[in-house]
Structures are given as structure tokens and as C-alpha cells.
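Here is the file coords.txt (compact mmCIF, C-alpha atoms and all ligand atoms).
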```
# COMPACT_ATOMS: atom_id res chain seq x y z
CA MET A 1 -12.27 -25.97 9.34
CA THR A 2 -11.88 -26.15 5.58
CA VAL A 3 -8.48 -25.29 4.08
CA ASN A 4 -8.06 -24.30 0.42
CA ILE A 5 -4.80 -23.71 -1.38
CA HIS A 6 -4.51 -21.52 -4.46
CA ILE A 7 -1.29 -20.95 -6.37
CA GLY A 8 -0.90 -17.96 -8.68
CA SER A 9 -3.07 -14.91 -9.54
CA VAL A 10 -2.82 -13.63 -5.96
CA PRO A 11 -4.37 -10.14 -6.32
CA GLU A 12 -7.22 -11.44 -8.49
CA ARG A 13 -8.13 -14.23 -6.08
CA LEU A 14 -7.82 -11.89 -3.12
CA GLY A 15 -10.09 -9.28 -4.70
CA GLN A 16 -12.67 -11.92 -5.60
CA ALA A 17 -12.60 -13.49 -2.11
CA VAL A 18 -13.04 -10.15 -0.36
CA TYR A 19 -15.74 -8.98 -2.76
CA ASP A 20 -17.73 -12.22 -2.44
CA ALA A 21 -17.43 -12.30 1.37
CA SER A 22 -18.43 -8.65 1.67
CA GLN A 23 -21.50 -9.12 -0.53
CA GLN A 24 -22.59 -12.19 1.41
CA ALA A 25 -22.02 -10.61 4.84
CA ILE A 26 -23.91 -7.44 3.92
CA ARG A 27 -26.77 -9.49 2.47
CA GLU A 28 -26.99 -11.72 5.54
CA ARG A 29 -26.00 -9.42 8.40
CA GLY A 30 -26.09 -5.88 7.00
CA GLN A 31 -22.37 -5.25 7.44
CA PHE A 32 -18.94 -6.68 6.61
CA SER A 33 -16.31 -6.89 9.33
CA VAL A 34 -12.75 -7.42 8.19
CA ALA A 35 -9.31 -7.27 9.82
CA ILE A 36 -6.36 -6.35 7.62
CA SER A 37 -2.62 -6.91 8.10
CA GLY A 38 0.25 -4.76 6.88
CA GLY A 39 3.25 -5.76 4.79
CA SER A 40 2.50 -6.26 1.10
CA LEU A 41 -1.16 -7.07 1.71
CA PRO A 42 -2.68 -3.57 1.32
CA LYS A 43 -1.01 -3.15 -2.08
CA LEU A 44 -2.19 -6.57 -3.29
CA LEU A 45 -5.67 -5.88 -1.93
CA ALA A 46 -5.84 -2.54 -3.73
CA ALA A 47 -4.85 -4.26 -6.98
CA GLY A 48 -7.38 -7.04 -6.43
CA LEU A 49 -10.31 -4.79 -5.57
CA LYS A 50 -9.73 -2.47 -8.53
CA SER A 51 -12.14 -4.42 -10.70
CA TYR A 52 -15.00 -4.33 -8.18
CA ASP A 53 -17.45 -1.66 -7.19
CA VAL A 54 -17.40 -2.16 -3.42
CA ASP A 55 -19.69 -0.27 -1.06
CA VAL A 56 -17.34 0.24 1.89
CA GLY A 57 -20.00 2.25 3.75
CA LYS A 58 -21.12 -0.99 5.41
CA TRP A 59 -17.61 -2.25 6.21
CA ASN A 60 -16.06 -2.37 9.69
CA VAL A 61 -12.34 -2.35 8.99
CA PHE A 62 -9.92 -3.15 11.81
CA LEU A 63 -6.17 -3.55 11.82
CA ALA A 64 -5.14 -7.17 12.41
CA ASP A 65 -2.03 -5.71 14.00
CA GLU A 66 -0.46 -2.31 14.17
CA ARG A 67 2.81 -0.69 15.10
CA VAL A 68 2.40 1.90 17.86
CA VAL A 69 3.70 4.83 15.82
CA PRO A 70 2.01 8.07 14.67
CA LEU A 71 -0.67 7.50 12.06
CA ASP A 72 1.37 9.36 9.44
CA HIS A 73 4.57 7.40 10.15
CA ASP A 74 6.11 5.24 7.42
CA ASP A 75 5.70 2.15 9.68
CA SER A 76 1.97 2.71 10.26
CA ASN A 77 -0.23 -0.04 8.80
CA TYR A 78 -3.16 2.40 9.00
CA ARG A 79 -1.27 4.83 6.80
CA GLU A 80 -0.33 2.12 4.29
CA ILE A 81 -3.89 0.79 3.97
CA ARG A 82 -5.34 4.28 3.59
CA PHE A 83 -2.64 5.16 1.06
CA ARG A 84 -3.46 2.11 -1.05
CA ILE A 85 -7.25 2.26 -0.66
CA PRO A 86 -8.22 5.77 0.48
CA SER A 87 -11.94 4.95 0.70
CA LEU A 88 -11.50 2.19 3.31
CA PRO A 89 -12.89 3.29 6.69
CA VAL A 90 -10.03 1.78 8.71
CA ILE A 91 -10.39 2.21 12.47
CA PRO A 92 -7.02 3.46 13.75
CA ILE A 93 -5.26 2.85 17.06
CA ASP A 94 -4.49 5.80 19.34
CA PRO A 95 -0.68 5.94 19.09
CA SER A 96 -0.40 8.61 21.80
CA LEU A 97 -1.09 5.92 24.40
CA SER A 98 1.26 3.41 26.01
CA SER A 99 1.13 -0.03 24.38
CA ASP A 100 -1.04 -1.40 27.22
CA GLU A 101 -3.50 1.48 26.99
CA CYS A 102 -3.43 1.38 23.21
CA ALA A 103 -4.42 -2.30 23.20
CA SER A 104 -7.23 -1.59 25.72
CA GLU A 105 -8.49 1.34 23.71
CA TYR A 106 -8.50 -0.71 20.51
CA THR A 107 -10.31 -3.50 22.36
CA THR A 108 -13.00 -0.99 23.33
CA LYS A 109 -13.40 0.05 19.69
CA LEU A 110 -13.61 -3.60 18.65
CA VAL A 111 -16.20 -4.48 21.29
CA GLU A 112 -18.29 -1.41 20.43
CA LYS A 113 -18.58 -2.58 16.82
CA LEU A 114 -18.53 -6.37 17.13
CA GLY A 115 -19.50 -7.15 20.72
CA GLU A 116 -17.73 -8.92 23.58
CA SER A 117 -16.95 -11.98 21.44
CA PRO A 118 -15.97 -10.48 18.08
CA LYS A 119 -16.53 -12.64 15.02
CA PHE A 120 -14.89 -11.18 11.94
CA ASP A 121 -16.38 -12.08 8.59
CA MET A 122 -12.89 -12.22 7.15
CA LEU A 123 -9.26 -11.91 8.25
CA LEU A 124 -6.70 -10.83 5.66
CA LEU A 125 -3.37 -12.05 6.94
CA GLY A 126 0.27 -12.03 5.88
CA LEU A 127 2.98 -14.51 6.77
CA GLY A 128 6.58 -13.62 7.57
CA PRO A 129 9.55 -15.80 6.55
CA ASP A 130 9.77 -16.75 10.25
CA GLY A 131 6.14 -17.95 10.20
CA HIS A 132 4.69 -14.97 12.10
CA THR A 133 1.27 -13.62 11.35
CA CYS A 134 -0.25 -10.43 12.78
CA SER A 135 2.31 -9.58 15.52
CA LEU A 136 2.29 -13.16 16.79
CA PHE A 137 5.91 -14.31 16.58
CA PRO A 138 7.37 -17.82 16.96
CA GLY A 139 8.00 -18.79 20.58
CA HIS A 140 6.48 -15.58 21.99
CA SER A 141 4.30 -15.78 25.10
CA LEU A 142 1.50 -13.97 23.22
CA LEU A 143 0.83 -17.23 21.37
CA GLN A 144 -0.70 -18.45 24.65
CA GLU A 145 -2.91 -15.38 25.21
CA LYS A 146 -6.41 -16.61 26.01
CA THR A 147 -8.15 -13.60 27.56
CA LYS A 148 -7.23 -10.37 25.80
CA LEU A 149 -8.85 -9.67 22.44
CA VAL A 150 -6.15 -7.17 21.49
CA ALA A 151 -2.75 -7.54 23.16
CA PRO A 152 0.25 -5.23 23.43
CA ILE A 153 3.74 -6.38 22.51
CA THR A 154 6.87 -4.38 23.34
CA ASP A 155 9.54 -6.85 22.27
CA SER A 156 8.62 -7.65 18.69
CA PRO A 157 11.62 -9.37 17.09
CA LYS A 158 10.78 -7.51 13.90
CA PRO A 159 11.03 -3.73 14.31
CA PRO A 160 9.35 -1.58 15.40
CA PRO A 161 9.20 -3.41 18.77
CA THR A 162 6.03 -1.81 20.15
CA ARG A 163 2.82 -3.03 18.60
CA VAL A 164 -0.72 -4.23 19.26
CA THR A 165 -2.20 -7.36 17.75
CA LEU A 166 -5.37 -9.39 17.57
CA THR A 167 -4.99 -12.61 19.55
CA TYR A 168 -5.92 -16.22 18.70
CA PRO A 169 -9.28 -16.14 20.54
CA VAL A 170 -10.38 -13.42 18.08
CA LEU A 171 -8.61 -14.84 15.03
CA ASN A 172 -9.98 -18.34 15.49
CA ALA A 173 -13.54 -17.13 15.98
CA ALA A 174 -13.59 -15.58 12.48
CA ARG A 175 -15.83 -16.89 9.70
CA ALA A 176 -12.99 -16.91 7.17
CA ALA A 177 -9.30 -16.16 6.85
CA VAL A 178 -7.27 -15.47 3.75
CA PHE A 179 -3.48 -15.71 3.95
CA VAL A 180 -1.61 -13.84 1.27
CA VAL A 181 1.90 -15.21 0.89
CA THR A 182 4.36 -14.20 -1.80
CA GLY A 183 8.08 -14.65 -2.32
CA ALA A 184 10.66 -17.42 -2.12
CA SER A 185 11.73 -16.40 1.40
CA LYS A 186 8.48 -17.97 2.67
CA ALA A 187 8.83 -21.32 0.84
CA ASP A 188 10.27 -23.30 3.80
CA VAL A 189 7.75 -22.06 6.30
CA VAL A 190 4.91 -22.60 3.81
CA LEU A 191 6.04 -26.21 3.35
CA ASP A 192 5.95 -26.82 7.09
CA ILE A 193 2.60 -25.11 7.68
CA ILE A 194 0.85 -26.87 4.81
CA GLU A 195 2.40 -30.32 4.96
CA ASN A 196 3.12 -30.80 8.66
CA GLU A 197 -0.09 -31.23 10.64
CA GLU A 198 1.88 -30.58 13.83
CA SER A 199 3.33 -27.29 12.61
CA THR A 200 3.72 -24.78 15.42
CA PHE A 201 4.48 -21.69 13.35
CA PRO A 202 2.11 -18.85 14.32
CA GLY A 203 0.46 -18.95 10.90
CA ALA A 204 -0.37 -22.63 11.41
CA LEU A 205 -2.11 -21.84 14.70
CA VAL A 206 -4.83 -19.91 12.88
CA LYS A 207 -7.33 -22.75 13.12
CA LEU A 208 -10.82 -21.37 12.79
CA SER A 209 -13.41 -23.04 15.00
CA GLU A 210 -15.76 -22.85 12.03
CA GLY A 211 -15.09 -21.53 8.58
CA THR A 212 -12.55 -21.57 5.84
CA VAL A 213 -8.87 -20.72 5.58
CA ASP A 214 -7.69 -19.86 2.08
CA TRP A 215 -3.98 -19.76 1.38
CA LEU A 216 -3.08 -17.64 -1.64
CA PHE A 217 0.48 -18.33 -2.76
CA ASP A 218 2.50 -17.09 -5.66
CA GLU A 219 4.66 -19.65 -7.45
CA ALA A 220 7.76 -18.76 -5.43
CA ALA A 221 6.10 -19.14 -2.02
CA ALA A 222 4.58 -22.49 -3.09
CA SER A 223 7.76 -23.77 -4.75
CA LYS A 224 8.61 -26.35 -2.06
CA LEU A 225 5.14 -27.87 -1.74
CA SER A 226 5.06 -31.50 -2.84
CA LYS A 227 1.56 -31.46 -4.31
O1 LIG A 301 3.95 -5.85 11.03
C1 LIG A 301 4.80 -6.25 10.26
O2 LIG A 301 6.00 -6.30 10.54
C2 LIG A 301 4.38 -6.71 8.89
O3 LIG A 301 3.13 -6.19 8.63
C3 LIG A 301 4.39 -8.20 8.81
O4 LIG A 301 3.65 -8.82 9.81
C4 LIG A 301 3.98 -8.67 7.44
O5 LIG A 301 2.59 -8.73 7.33
C5 LIG A 301 4.54 -10.04 7.16
O6 LIG A 301 5.90 -10.04 7.45
C6 LIG A 301 4.33 -10.42 5.72
O7 LIG A 301 4.82 -9.37 4.95
P1 LIG A 301 4.89 -9.41 3.38
O8 LIG A 301 3.57 -9.82 2.90
O9 LIG A 301 5.25 -8.01 2.99
O10 LIG A 301 5.94 -10.38 3.06
```

Rewrite the structure of this file - the entire thing - as C-alpha cells.
Amino acid sequence: MTVNIHIGSVPERLGQAVYDASQQAIRERGQFSVAISGGSLPKLLAAGLKSYDVDVGKWNVFLADERVVPLDHDDSNYREIRFRIPSLPVIPIDPSLSSDECASEYTTKLVEKLGESPKFDMLLLGLGPDGHTCSLFPGHSLLQEKTKLVAPITDSPKPPPTRVTLTYPVLNAARAAVFVVTGASKADVVLDIIENEESTFPGALVKLSEGTVDWLFDEAAASKLSK
């Protein structure tokens, strides 16, 4: 796994990374499969993609994690991504289901598009101040999930508590991951993830079997890094 660190110009680098990966994937495989997180990422992605003419008709867009709430709810990642980039063909969860059924149904959608062993071209991930990514929280048993591709969680420490999330077997099979990390509240966790090889924060456990992890930091998030 190759790891690259970039500090500054977050939306620009994000837009360029996604555009380049999408062009390459479509050229080589005829489609671009991407998983997108919530938080500030959709807004930064919208800003970054503004300068590019992207053909989203060949994109498979999944949610890296989602809150099990109606699709028009303020907490819905689907709603936020579609609000920021209306053209993106994001595949939604079915929030009328229980969390278990919702995760199974989203797994079915994933397998239909990407097969039994999904390999995303790119993951677009956030990082919480507690080191969580997707809905994989520090110390949670879901960090050990080895079988499910999409897992339910009903005790998320960050509200809302009921969610579904991609698991490490799917994340670590991806061809590339881009973490988008902004703000001083992340500086301590960023220091640990980047400079401690033994870091156990959920973001640090995204270790792609093959491929590249790019960390895009703003100055504040990178402020405690030594180099
Ligand atoms: O589901 C959630 O609660 C959020 O989507 C969350 O996982 C977010 O992605 C990170 O906390 C980073 O958020 P920011 O990029 O907004 O700091």
C-alpha cells in the first residue's frame, strides 16, 4: 500500500483525484465505482468537481455509511450528497427496513453492481475527531467484522445511533482511498494515525491490500505533524 500526504488545497486535490480515477476506471473497465462518506465531504467534493466535466452516467455511487433515517431527513448522507451534487446517481438505502434488513438490502445492491467481492475504484472517506471513519468507531466490535460487506450498527456513539456501514473487508479491497480531513479538532488523531505505525484508530485500519491511500489535510488538521 502506498500512502501519500497532501497539506492544503483540499477541494482542488479532491476534485483532481476523483476526476483522474474516474477517467482511468472508465477507460480500463468501462465504469467508475466509488463510495462516499457524509460529514463535510460532499460539500468539498462538489467544490472540487466544479472545474471538471464529469460523465457520471458510468459511475456506481454507493454510500460508505448511512444513517437509517428517511431519505429526505437532515441526517441523511444520501440527501446531503444529492443536495451538493444533484447529478450523482447515488444508490440509497431503504430506510423503511430494520437496520439488519437495511444492511442486507444494501449488500444485495452492492453485490448486484460489483459482485460478491466488491472492489471499489475509490473510497472517499472522512475522519472524526475520535478517529472514526465510515460508521466504524473506536473500540466497537464492528472493527472485527470479517464476513458482512455492509453491517448494521444500532449503538453508534455519534448520533443518530442506527446506521449501516461498509466493513473493512470491502474497504481494504478498494483500489484507492482518499481521506478528507479538515479542522484543528482532528490534529491529535491525525498525528497518531500518520506517525504511529501501531495506531489502532479506525481510520488507521484502512490498509488497502493493493493501492494507494491519499490523506488530504488542511493546515489545521496537519498542524501537529512533525514533518
Ligand atoms: O456519519 C457521520 O456521523 C459523519 O458522516 C461522520 O462520519 C463524518 O464523516 C466524520 O465525522 C467527519 O466529518 P467532517 O468531515 O464533517 O469533520

So, counting all atoms listed in the file, which residue among A:Ala220, A:Ala174, A:Leu44, A:Leu49 is closest to ligand LIG 301 (chain A)?
A:Leu44

For A:Pro86, which residue among A:Pro202, A:Pro152, A:Pro157, A:Pro42 is the nearest when counting all atoms listed in the file?
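Closest residue, counting all atoms listed in the file: A:Pro42.
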
Contact residues around A:Ala221 with all atoms listed in the file at 10 Å, ignoring same-chain residues under 2 positions, as a list in words:
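The neighbour list is Ile7, Gly8, Pro129, Val180, Val181, Thr182, Gly183, Ala184, Ser185, Lys186, Ala187, Asp188, Val189, Val190, Leu191, Leu216, Phe217, Asp218, Glu219, Ser223, Lys224 and Leu225 of chain A.
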
Could you name the residues that touch A:Pro70 at 9 Å or less, counting all atoms listed in the file, but leaving out those on the same chain fewer than 4 positions away, as a PDB file with C-alpha atoms, in the frame of the given file?
```pdb
ATOM      1  CA  ASP A  74       6.110   5.240   7.420  1.00  0.00           C
ATOM      2  CA  ASP A  75       5.700   2.150   9.680  1.00  0.00           C
ATOM      3  CA  SER A  76       1.970   2.710  10.260  1.00  0.00           C
ATOM      4  CA  ASP A  94      -4.490   5.800  19.340  1.00  0.00           C
ATOM      5  CA  PRO A  95      -0.680   5.940  19.090  1.00  0.00           C
ATOM      6  CA  SER A  96      -0.400   8.610  21.800  1.00  0.00           C
TER       7      SER A  96
END
```

Within 12 Å of stretch 45-48 of chain A, counting all atoms listed in the file, which residues show up once you throw out same-chain ones fewer than 2 positions away? Write them as a ChimeraX atom specification, please.
/A:9-19,36-43,50-54,80-88,124-126,178-180

Can you pull out the residues contacting stretch 60-68 of chain A? Cut-off 10 Å, using all atoms listed in the file, and skip same-chain residues under 6 positions away; I want them as a compact mmCIF listing (two decimals) with C-alpha atoms, in the coordinates of the input.
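Heads up, here's the output in selection12.txt:
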```
# COMPACT_ATOMS: atom_id res chain seq x y z
CA GLN A 31 -22.37 -5.25 7.44
CA PHE A 32 -18.94 -6.68 6.61
CA SER A 33 -16.31 -6.89 9.33
CA VAL A 34 -12.75 -7.42 8.19
CA ALA A 35 -9.31 -7.27 9.82
CA ILE A 36 -6.36 -6.35 7.62
CA SER A 37 -2.62 -6.91 8.10
CA GLY A 38 0.25 -4.76 6.88
CA ASP A 75 5.70 2.15 9.68
CA SER A 76 1.97 2.71 10.26
CA ASN A 77 -0.23 -0.04 8.80
CA TYR A 78 -3.16 2.40 9.00
CA ILE A 81 -3.89 0.79 3.97
CA LEU A 88 -11.50 2.19 3.31
CA PRO A 89 -12.89 3.29 6.69
CA VAL A 90 -10.03 1.78 8.71
CA ILE A 91 -10.39 2.21 12.47
CA PRO A 92 -7.02 3.46 13.75
CA ILE A 93 -5.26 2.85 17.06
CA ASP A 94 -4.49 5.80 19.34
CA PRO A 95 -0.68 5.94 19.09
CA SER A 96 -0.40 8.61 21.80
CA LEU A 97 -1.09 5.92 24.40
CA SER A 98 1.26 3.41 26.01
CA SER A 99 1.13 -0.03 24.38
CA CYS A 102 -3.43 1.38 23.21
CA ALA A 103 -4.42 -2.30 23.20
CA TYR A 106 -8.50 -0.71 20.51
CA LYS A 109 -13.40 0.05 19.69
CA LEU A 110 -13.61 -3.60 18.65
CA LYS A 113 -18.58 -2.58 16.82
CA LEU A 114 -18.53 -6.37 17.13
CA PHE A 120 -14.89 -11.18 11.94
CA ASP A 121 -16.38 -12.08 8.59
CA LEU A 123 -9.26 -11.91 8.25
CA LEU A 124 -6.70 -10.83 5.66
CA LEU A 125 -3.37 -12.05 6.94
CA GLY A 126 0.27 -12.03 5.88
CA THR A 133 1.27 -13.62 11.35
CA CYS A 134 -0.25 -10.43 12.78
CA SER A 135 2.31 -9.58 15.52
CA LEU A 136 2.29 -13.16 16.79
CA VAL A 150 -6.15 -7.17 21.49
CA ALA A 151 -2.75 -7.54 23.16
CA PRO A 152 0.25 -5.23 23.43
CA ILE A 153 3.74 -6.38 22.51
CA THR A 154 6.87 -4.38 23.34
CA SER A 156 8.62 -7.65 18.69
CA PRO A 159 11.03 -3.73 14.31
CA PRO A 160 9.35 -1.58 15.40
CA PRO A 161 9.20 -3.41 18.77
CA THR A 162 6.03 -1.81 20.15
CA ARG A 163 2.82 -3.03 18.60
CA VAL A 164 -0.72 -4.23 19.26
CA THR A 165 -2.20 -7.36 17.75
CA LEU A 166 -5.37 -9.39 17.57
CA THR A 167 -4.99 -12.61 19.55
CA VAL A 170 -10.38 -13.42 18.08
CA LEU A 171 -8.61 -14.84 15.03
```

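A straight line drawn from atom O6 of ligand LIG 301 (chain A) to atom CA of A:Ser141 is 18.6 Å long.
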
If you take every atom of ligand LIG 301 (chain A) that the file lists and fit an axis-aligned box around them with 6 Å extra on each side, what centre and edge lengths come out in Å to one decimal, as JSON?
```
{"center_x": 4.3, "center_y": -8.1, "center_z": 7.0, "size_x": 15.4, "size_y": 16.6, "size_z": 20.1}
```

Just checking: using only C-alpha atoms, which residue out of A:Arg79, A:His6, A:Lys148, A:Arg29 ends up closest to A:Trp59?
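Result for the nearest residue to A:Trp59: A:Arg29.
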
Go through A:His73, A:His132, A:Lys207, A:Arg27 and flag the residue nearest ligand LIG 301 (chain A), using only C-alpha atoms and all ligand atoms for the distances.
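Closest to ligand LIG 301 (chain A) of all the choices is A:His132.
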
When you draw a straight line from atom CA of A:His140 to atom CA of A:Lys158, how long is it in Å?
12.2 Å

With all atoms listed in the file as the atoms that count, which of A:Leu205, A:Ala177, A:Val111, A:Leu127 lies nearest to ligand LIG 301 (chain A)?
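Closest residue, counting all atoms listed in the file: A:Leu127.
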